[in-house]
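Below is my_file.tsv, which holds TSV, C-alpha atoms.
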chain	number	residue	atom	x	y	z
A	1	MET	CA	-80.61	48.70	24.80
A	2	GLU	CA	-80.50	51.64	22.40
A	3	TYR	CA	-80.65	51.25	18.63
A	4	ARG	CA	-80.20	54.18	16.28
A	5	THR	CA	-80.83	54.97	12.63
A	6	LEU	CA	-77.74	54.93	10.42
A	7	GLY	CA	-78.28	58.24	8.69
A	8	LYS	CA	-80.37	58.29	5.54
A	9	THR	CA	-79.80	54.56	4.96
A	10	GLY	CA	-82.64	53.91	7.40
A	11	GLU	CA	-80.77	50.92	8.85
A	12	ARG	CA	-81.20	50.37	12.59
A	13	VAL	CA	-77.97	49.54	14.42
A	14	SER	CA	-76.83	49.20	18.01
A	15	ALA	CA	-75.48	52.43	19.52
A	16	ILE	CA	-72.30	50.51	20.42
A	17	GLY	CA	-70.26	48.61	17.84
A	18	ILE	CA	-67.39	46.13	18.17
A	19	GLY	CA	-64.04	47.30	16.77
A	20	GLY	CA	-62.41	44.65	14.62
A	21	ALA	CA	-58.81	45.73	15.22
A	22	HIS	CA	-58.90	44.56	18.83
A	23	VAL	CA	-60.62	41.20	18.28
A	24	PRO	CA	-57.39	39.34	17.27
A	25	ARG	CA	-55.69	40.65	20.43
A	26	ALA	CA	-57.74	38.36	22.66
A	27	ARG	CA	-55.95	35.50	24.42
A	28	ASP	CA	-56.55	33.07	21.54
A	29	ALA	CA	-58.75	32.57	18.49
A	30	GLU	CA	-61.48	30.88	20.47
A	31	GLU	CA	-61.76	33.81	22.86
A	32	SER	CA	-61.87	36.18	19.88
A	33	ILE	CA	-64.82	34.25	18.50
A	34	ARG	CA	-66.54	34.10	21.91
A	35	LEU	CA	-66.03	37.85	22.28
A	36	VAL	CA	-67.85	38.61	19.01
A	37	ARG	CA	-70.63	36.11	19.66
A	38	THR	CA	-71.14	37.31	23.25
A	39	ALA	CA	-71.61	40.85	21.97
A	40	ILE	CA	-74.14	39.68	19.38
A	41	ASP	CA	-75.98	37.51	21.90
A	42	HIS	CA	-76.39	40.62	24.07
A	43	GLY	CA	-77.87	42.59	21.18
A	44	ILE	CA	-74.90	44.42	19.63
A	45	THR	CA	-75.41	44.41	15.88
A	46	PHE	CA	-72.68	46.64	14.42
A	47	MET	CA	-69.41	44.92	13.52
A	48	ASP	CA	-66.35	46.91	12.40
A	49	ASN	CA	-63.33	45.51	10.57
A	50	CYS	CA	-60.66	46.30	7.97
A	51	TRP	CA	-58.80	44.52	5.19
A	52	ASP	CA	-55.41	45.17	6.82
A	53	TYR	CA	-56.13	44.49	10.51
A	54	ALA	CA	-53.70	41.89	11.87
A	55	GLY	CA	-52.62	41.07	8.32
A	56	GLY	CA	-56.17	40.00	7.45
A	57	GLU	CA	-56.58	37.75	10.49
A	58	ALA	CA	-59.16	40.09	12.04
A	59	GLU	CA	-61.53	39.49	9.13
A	60	VAL	CA	-60.81	35.75	9.18
A	61	LEU	CA	-61.71	35.53	12.87
A	62	MET	CA	-64.85	37.59	12.42
A	63	GLY	CA	-65.85	35.43	9.49
A	64	ARG	CA	-65.55	32.38	11.73
A	65	ALA	CA	-67.51	34.10	14.49
A	66	LEU	CA	-70.32	34.96	12.08
A	67	ARG	CA	-70.98	31.35	11.08
A	68	ASP	CA	-73.94	29.39	12.43
A	69	GLY	CA	-76.50	32.10	11.74
A	70	TYR	CA	-74.65	35.00	13.37
A	71	ARG	CA	-74.06	36.80	10.05
A	72	GLU	CA	-77.78	37.38	9.62
A	73	ARG	CA	-77.94	39.12	13.01
A	74	VAL	CA	-75.41	41.88	12.34
A	75	PHE	CA	-74.69	44.94	10.21
A	76	LEU	CA	-71.23	44.14	8.86
A	77	MET	CA	-68.75	46.87	7.97
A	78	THR	CA	-65.18	46.64	6.78
A	79	LYS	CA	-62.67	48.98	5.16
A	80	ILE	CA	-60.19	48.89	2.31
A	81	ASP	CA	-56.92	50.75	1.78
A	82	GLY	CA	-56.56	50.61	-1.99
A	83	HIS	CA	-56.53	53.94	-3.83
A	84	THR	CA	-56.50	52.47	-7.35
A	85	ARG	CA	-59.44	50.66	-8.93
A	86	GLU	CA	-57.43	47.45	-9.29
A	87	ALA	CA	-56.17	47.41	-5.71
A	88	ALA	CA	-59.56	48.32	-4.26
A	89	ALA	CA	-61.35	45.65	-6.30
A	90	GLY	CA	-58.87	42.99	-5.20
A	91	GLN	CA	-59.17	43.99	-1.57
A	92	ILE	CA	-62.98	43.89	-1.73
A	93	GLU	CA	-62.84	40.31	-3.02
A	94	GLN	CA	-60.48	39.32	-0.22
A	95	CYS	CA	-62.78	40.91	2.37
A	96	LEU	CA	-65.74	38.92	1.06
A	97	GLU	CA	-63.75	35.69	1.18
A	98	ARG	CA	-62.33	36.21	4.66
A	99	LEU	CA	-65.65	37.32	6.13
A	100	GLN	CA	-67.35	34.31	4.50
A	101	THR	CA	-70.19	36.38	3.07
A	102	GLU	CA	-71.55	37.16	-0.37
A	103	MET	CA	-72.42	40.73	0.60
A	104	ILE	CA	-70.93	43.28	3.00
A	105	ASP	CA	-73.34	45.87	4.36
A	106	LEU	CA	-70.87	48.76	4.35
A	107	ILE	CA	-67.36	49.24	2.97
A	108	GLN	CA	-65.43	52.39	3.76
A	109	LEU	CA	-62.28	53.89	2.32
A	110	HIS	CA	-59.79	53.58	5.16
A	111	GLU	CA	-57.42	56.26	6.42
A	112	MET	CA	-58.20	59.37	4.44
A	113	ILE	CA	-55.25	61.06	6.16
A	114	ARG	CA	-53.28	62.90	3.44
A	115	PRO	CA	-54.41	66.18	1.90
A	116	ASP	CA	-54.37	64.64	-1.60
A	117	ASP	CA	-56.18	61.40	-0.68
A	118	PRO	CA	-59.55	62.68	-1.96
A	119	GLU	CA	-58.14	63.41	-5.41
A	120	ARG	CA	-56.40	60.03	-5.52
A	121	VAL	CA	-59.48	57.91	-4.78
A	122	PHE	CA	-61.70	59.95	-7.13
A	123	ALA	CA	-59.19	59.99	-10.00
A	124	PRO	CA	-59.89	57.98	-13.19
A	125	ASN	CA	-59.26	54.31	-12.34
A	126	GLY	CA	-59.39	55.23	-8.66
A	127	ALA	CA	-60.87	53.32	-5.75
A	128	MET	CA	-64.29	54.94	-6.02
A	129	GLU	CA	-64.83	53.22	-9.36
A	130	ALA	CA	-64.28	49.83	-7.70
A	131	LEU	CA	-66.64	50.63	-4.82
A	132	ILE	CA	-69.42	51.80	-7.12
A	133	ALA	CA	-68.99	48.72	-9.32
A	134	ALA	CA	-69.12	46.44	-6.27
A	135	ARG	CA	-72.32	48.12	-5.11
A	136	GLN	CA	-73.88	47.73	-8.56
A	137	ALA	CA	-72.91	44.03	-8.49
A	138	GLY	CA	-74.62	43.51	-5.14
A	139	LYS	CA	-71.39	42.80	-3.27
A	140	ILE	CA	-71.79	45.80	-0.96
A	141	ARG	CA	-74.77	47.91	0.06
A	142	TYR	CA	-73.35	51.20	1.34
A	143	ILE	CA	-70.19	53.29	0.91
A	144	GLY	CA	-68.36	55.54	3.38
A	145	PHE	CA	-64.91	56.73	4.41
A	146	THR	CA	-62.80	57.01	7.54
A	147	GLY	CA	-59.87	59.02	8.84
A	148	HIS	CA	-58.32	60.12	12.11
A	149	LYS	CA	-55.91	62.87	11.12
A	150	ASP	CA	-57.48	66.20	10.25
A	151	PRO	CA	-61.08	67.47	9.92
A	152	ALA	CA	-60.01	69.45	6.86
A	153	ILE	CA	-59.44	66.20	4.93
A	154	HIS	CA	-62.89	64.93	5.94
A	155	LEU	CA	-64.46	68.16	4.75
A	156	LYS	CA	-62.60	67.85	1.46
A	157	MET	CA	-63.95	64.31	1.00
A	158	LEU	CA	-67.44	65.60	1.75
A	159	GLY	CA	-66.95	68.20	-0.97
A	160	MET	CA	-66.09	65.74	-3.73
A	161	GLY	CA	-69.69	65.49	-4.94
A	162	PHE	CA	-70.38	61.91	-3.81
A	163	ASP	CA	-73.46	60.98	-1.75
A	164	TRP	CA	-71.78	59.28	1.22
A	165	ASP	CA	-73.74	56.87	3.40
A	166	THR	CA	-71.41	57.03	6.40
A	167	VAL	CA	-68.33	58.79	7.75
A	168	GLN	CA	-66.11	57.48	10.55
A	169	MET	CA	-63.93	59.72	12.73
A	170	PRO	CA	-62.57	60.15	16.27
A	171	LEU	CA	-65.24	61.47	18.63
A	172	ASN	CA	-64.35	61.70	22.29
A	173	CYS	CA	-64.07	64.03	25.25
A	174	VAL	CA	-60.60	65.33	24.30
A	175	ASP	CA	-61.24	65.91	20.59
A	176	THR	CA	-62.48	69.48	21.00
A	177	HIS	CA	-59.06	70.72	22.15
A	178	HIS	CA	-57.20	70.07	18.87
A	179	LYS	CA	-58.39	69.79	15.25
A	180	SER	CA	-61.88	68.94	16.42
A	181	PHE	CA	-63.98	66.53	14.36
A	182	GLU	CA	-66.87	67.16	16.72
A	183	ALA	CA	-66.82	70.89	16.03
A	184	GLN	CA	-66.00	70.88	12.31
A	185	VAL	CA	-67.31	67.67	10.73
A	186	LEU	CA	-70.12	66.36	12.93
A	187	PRO	CA	-72.53	69.27	12.17
A	188	VAL	CA	-72.09	68.72	8.42
A	189	LEU	CA	-72.90	65.02	8.72
A	190	VAL	CA	-75.98	65.69	10.80
A	191	GLU	CA	-77.19	68.32	8.34
A	192	ARG	CA	-76.74	65.97	5.37
A	193	GLY	CA	-78.21	62.89	7.07
A	194	ILE	CA	-74.95	60.94	6.79
A	195	GLY	CA	-74.47	58.10	9.27
A	196	VAL	CA	-72.01	59.12	12.00
A	197	LEU	CA	-69.56	56.41	13.09
A	198	GLY	CA	-67.61	57.51	16.15
A	199	MET	CA	-64.29	55.81	16.80
A	200	LYS	CA	-61.56	56.08	19.44
A	201	PRO	CA	-64.06	56.97	22.19
A	202	LEU	CA	-61.25	56.56	24.76
A	203	ALA	CA	-58.77	58.48	22.55
A	204	ALA	CA	-56.96	55.19	21.85
A	205	GLY	CA	-56.96	54.62	25.62
A	206	GLU	CA	-55.06	57.81	26.44
A	207	ALA	CA	-58.02	59.56	28.06
A	208	VAL	CA	-58.21	56.75	30.62
A	209	ARG	CA	-54.47	56.14	31.03
A	210	SER	CA	-53.88	59.84	31.65
A	211	GLY	CA	-56.53	59.88	34.36
A	212	VAL	CA	-58.65	62.63	32.83
A	213	ALA	CA	-61.72	60.40	32.41
A	214	THR	CA	-62.99	56.90	33.11
A	215	ALA	CA	-63.84	54.42	30.37
A	216	GLU	CA	-67.52	54.72	31.24
A	217	GLU	CA	-67.39	58.53	31.01
A	218	CYS	CA	-65.65	58.31	27.64
A	219	LEU	CA	-68.23	55.93	26.20
A	220	ARG	CA	-71.14	57.92	27.60
A	221	TYR	CA	-69.73	61.15	26.17
A	222	ALA	CA	-69.37	59.71	22.66
A	223	MET	CA	-72.80	58.09	22.80
A	224	SER	CA	-74.31	61.40	23.94
A	225	LEU	CA	-73.22	63.02	20.67
A	226	PRO	CA	-75.47	62.57	17.59
A	227	THR	CA	-73.64	59.38	16.65
A	228	SER	CA	-75.26	56.46	14.89
A	229	VAL	CA	-72.69	54.06	16.37
A	230	VAL	CA	-69.76	54.38	18.75
A	231	ILE	CA	-67.17	51.75	17.82
A	232	THR	CA	-65.12	50.56	20.76
A	233	GLY	CA	-62.17	48.18	20.82
A	234	CYS	CA	-62.59	45.03	22.94
A	235	ASP	CA	-59.64	42.67	23.30
A	236	SER	CA	-61.13	40.45	26.02
A	237	LEU	CA	-64.50	39.19	27.19
A	238	ALA	CA	-64.20	41.42	30.26
A	239	ILE	CA	-63.82	44.58	28.14
A	240	ALA	CA	-66.66	43.49	25.86
A	241	GLU	CA	-68.88	42.96	28.91
A	242	GLN	CA	-67.95	46.45	30.16
A	243	ALA	CA	-69.07	47.96	26.85
A	244	ILE	CA	-72.28	45.94	26.94
A	245	ARG	CA	-72.95	47.17	30.48
A	246	VAL	CA	-72.43	50.82	29.54
A	247	TRP	CA	-74.72	50.36	26.55
A	248	ARG	CA	-77.37	48.59	28.62
A	249	ASP	CA	-77.37	51.25	31.36
A	250	PHE	CA	-76.79	54.24	29.06
A	251	ARG	CA	-78.03	57.63	30.21
A	252	PRO	CA	-77.19	60.55	27.92
A	253	MET	CA	-74.94	63.18	29.46
A	254	ALA	CA	-76.56	66.57	29.95
A	255	PRO	CA	-74.90	69.39	27.97
A	256	GLU	CA	-73.45	70.86	31.16
A	257	GLU	CA	-72.01	67.46	32.13
A	258	MET	CA	-70.35	67.15	28.74
A	259	ALA	CA	-68.97	70.69	29.02
A	260	ALA	CA	-67.57	69.92	32.48
A	261	LEU	CA	-65.82	66.81	31.15
A	262	ARG	CA	-64.28	68.76	28.27
A	263	ALA	CA	-63.08	71.40	30.72
A	264	ARG	CA	-61.56	68.76	32.98
A	265	THR	CA	-59.58	67.29	30.07
A	266	ALA	CA	-58.45	70.58	28.55
A	267	GLU	CA	-55.07	71.02	30.23
A	268	ARG	CA	-53.80	67.49	29.60
A	269	ALA	CA	-55.22	67.34	26.06
A	270	ARG	CA	-53.97	70.69	24.79
A	271	GLY	CA	-52.35	70.58	21.35
A	272	GLY	CA	-53.41	66.98	20.76
A	273	ALA	CA	-51.20	65.66	23.57
A	274	LEU	CA	-53.56	62.70	24.10
A	275	GLU	CA	-54.32	62.18	20.41
A	276	GLY	CA	-51.30	60.61	18.77
A	277	TYR	CA	-53.48	59.54	15.84
A	278	LYS	CA	-53.79	63.25	14.93
A	279	THR	CA	-50.27	64.43	15.75
A	280	GLY	CA	-48.00	61.51	14.82
A	281	GLU	CA	-47.74	58.54	12.47
A	282	GLN	CA	-47.97	55.64	14.92
A	283	PHE	CA	-51.60	54.99	13.89
A	284	ASP	CA	-51.03	55.53	10.16
A	285	GLY	CA	-51.00	52.02	8.76
A	286	THR	CA	-50.83	53.10	5.14
A	287	VAL	CA	-47.87	55.38	5.85
A	288	LYS	CA	-45.93	52.43	7.26
A	289	ASN	CA	-47.20	50.20	4.43
A	290	PRO	CA	-47.62	52.38	1.34
A	291	HIS	CA	-47.99	49.30	-0.89
A	292	TRP	CA	-51.46	48.80	0.63
A	293	LEU	CA	-52.59	51.78	-1.45
A	294	THR	CA	-51.75	50.15	-4.77
A	295	THR	CA	-51.83	46.36	-4.31
A	296	ALA	CA	-54.11	43.67	-2.90
A	297	SER	CA	-51.30	42.10	-0.87
A	298	VAL	CA	-50.97	42.68	2.85
A	299	ALA	CA	-47.39	41.42	2.83
A	300	ALA	CA	-44.68	43.86	1.80
Would you give me this structure, written as structure tokens?
Amino acid sequence: MEYRTLGKTGERVSAIGIGGAHVPRARDAEESIRLVRTAIDHGITFMDNCWDYAGGEAEVLMGRALRDGYRERVFLMTKIDGHTREAAAGQIEQCLERLQTEMIDLIQLHEMIRPDDPERVFAPNGAMEALIAARQAGKIRYIGFTGHKDPAIHLKMLGMGFDWDTVQMPLNCVDTHHKSFEAQVLPVLVERGIGVLGMKPLAAGEAVRSGVATAEECLRYAMSLPTSVVITGCDSLAIAEQAIRVWRDFRPMAPEEMAALRARTAERARGGALEGYKTGEQFDGTVKNPHWLTTASVAA
């Protein structure tokens, strides 16, 4: 079982993490809770979530799963959507309440997907003020950001003068064929010692559904990059057990094996054909719900 250092934070975390968006999709609440606890019982320590997932139910379920001593066994991360100080502060308080904890290890700004998002969150009375205040108050320990749209936006966030602890982005075997985070952002994070959180290792499932790669190949590829954690979505105990098995038996891909996999996926993945999160809006929660940027209410 491989554990890795989360950048310059020095925290040790499991190389595989459980994606919070998929947890509420299990058959029922009890299976959702069993899924999270099974992962922890097998040694997975990194838990991902977000203020808006399933209208807040994802955090509620994880909070229930982390009772009975499980909270102390994990590194807990969640995300907020608010771009204003007021909205971000309100969302942080809701995250703490739902997750049933007095402190969240890592909070990240969610969906940095518009070219002007960096300016918005760093503006006077912007979200960064709320995050820094929450860290000073001991409500959170570390601060990062996420996005799935364009490496240029990530690079802009990295140029805003803030000392980020983590950055989350799509890292998978089809990424290199269109607006590549692996090529453009990953080297910067490694150079600066920022924790690398890889998401969408299966390209939101499209790499497997299209037949260009197996789930195991996708996970191995992402884990073979200099990632701190690869966050994978598990909506059933069977899928969670598959991720645990890949983690348990992990062998890094050789560079030539990774190159061969990228070559195999090139034709189908050209132009972002397998990456709707880069090319369309179906994954853009804050585009569909713009009020999430300015309020602490999930409901419209």
Separating CA of Thr101 (chain A) from CA of Ala58 (chain A), to the nearest tenth of an Å, is a gap of 14.7 Å
What's the 6 Å shell around region 1-13 of chain A, counting only C-alpha atoms, without same-chain residues fewer than 5 positions away, as an NGL selection string? :A and (45 or 193-195 or 228 or 248)
In the coordinate frame of the file, compute which residues have an atom within 8 Å of (-57.7, 66.6, 12.9) when using all atoms listed in the file, and state them as a PyMOL selection string. chain A and resi 148-152+178-181+278
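Nearest residue to Ile16 (chain A) among A:His42, A:His177, A:Lys79, A:His154 is A:His42, counting all atoms listed in the file.
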Among listed residues A:Arg141, A:Tyr221, A:Gln108, A:Pro124, nearest Thr166 (chain A) (using only C-alpha atoms):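 The shortest atom-to-atom distance to Thr166 (chain A) comes from A:Gln108.
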Between A:Thr78, A:Thr84, A:Gln91, A:Asn49, which has the minimum distance to Ala296 (chain A) (counting only C-alpha atoms)?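 Distance minimum relative to Ala296 (chain A) lands on A:Gln91.
Take CA of Arg37 (chain A) and CA of Ala65 (chain A): the distance between them is 6.4 Å.
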Neighbouring residues of region 22-24 of chain A were defined as those with any atom within 8 Å, considering all atoms listed in the file; residues of the same chain fewer than 2 positions away were excluded. Please report them as a PDB file with C-alpha atoms, keeping the file's coordinate frame.
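Once everything was written out, this is around-v9.pdb:
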ATOM      1  CA  GLY A  19     -64.040  47.300  16.770  1.00  0.00           C
ATOM      2  CA  GLY A  20     -62.410  44.650  14.620  1.00  0.00           C
ATOM      3  CA  ALA A  26     -57.740  38.360  22.660  1.00  0.00           C
ATOM      4  CA  ASP A  28     -56.550  33.070  21.540  1.00  0.00           C
ATOM      5  CA  ALA A  29     -58.750  32.570  18.490  1.00  0.00           C
ATOM      6  CA  SER A  32     -61.870  36.180  19.880  1.00  0.00           C
ATOM      7  CA  LEU A  35     -66.030  37.850  22.280  1.00  0.00           C
ATOM      8  CA  VAL A  36     -67.850  38.610  19.010  1.00  0.00           C
ATOM      9  CA  ALA A  54     -53.700  41.890  11.870  1.00  0.00           C
ATOM     10  CA  GLU A  57     -56.580  37.750  10.490  1.00  0.00           C
ATOM     11  CA  ALA A  58     -59.160  40.090  12.040  1.00  0.00           C
ATOM     12  CA  LEU A  61     -61.710  35.530  12.870  1.00  0.00           C
ATOM     13  CA  GLY A 233     -62.170  48.180  20.820  1.00  0.00           C
ATOM     14  CA  CYS A 234     -62.590  45.030  22.940  1.00  0.00           C
ATOM     15  CA  ASP A 235     -59.640  42.670  23.300  1.00  0.00           C
ATOM     16  CA  SER A 236     -61.130  40.450  26.020  1.00  0.00           C
TER      17      SER A 236
END
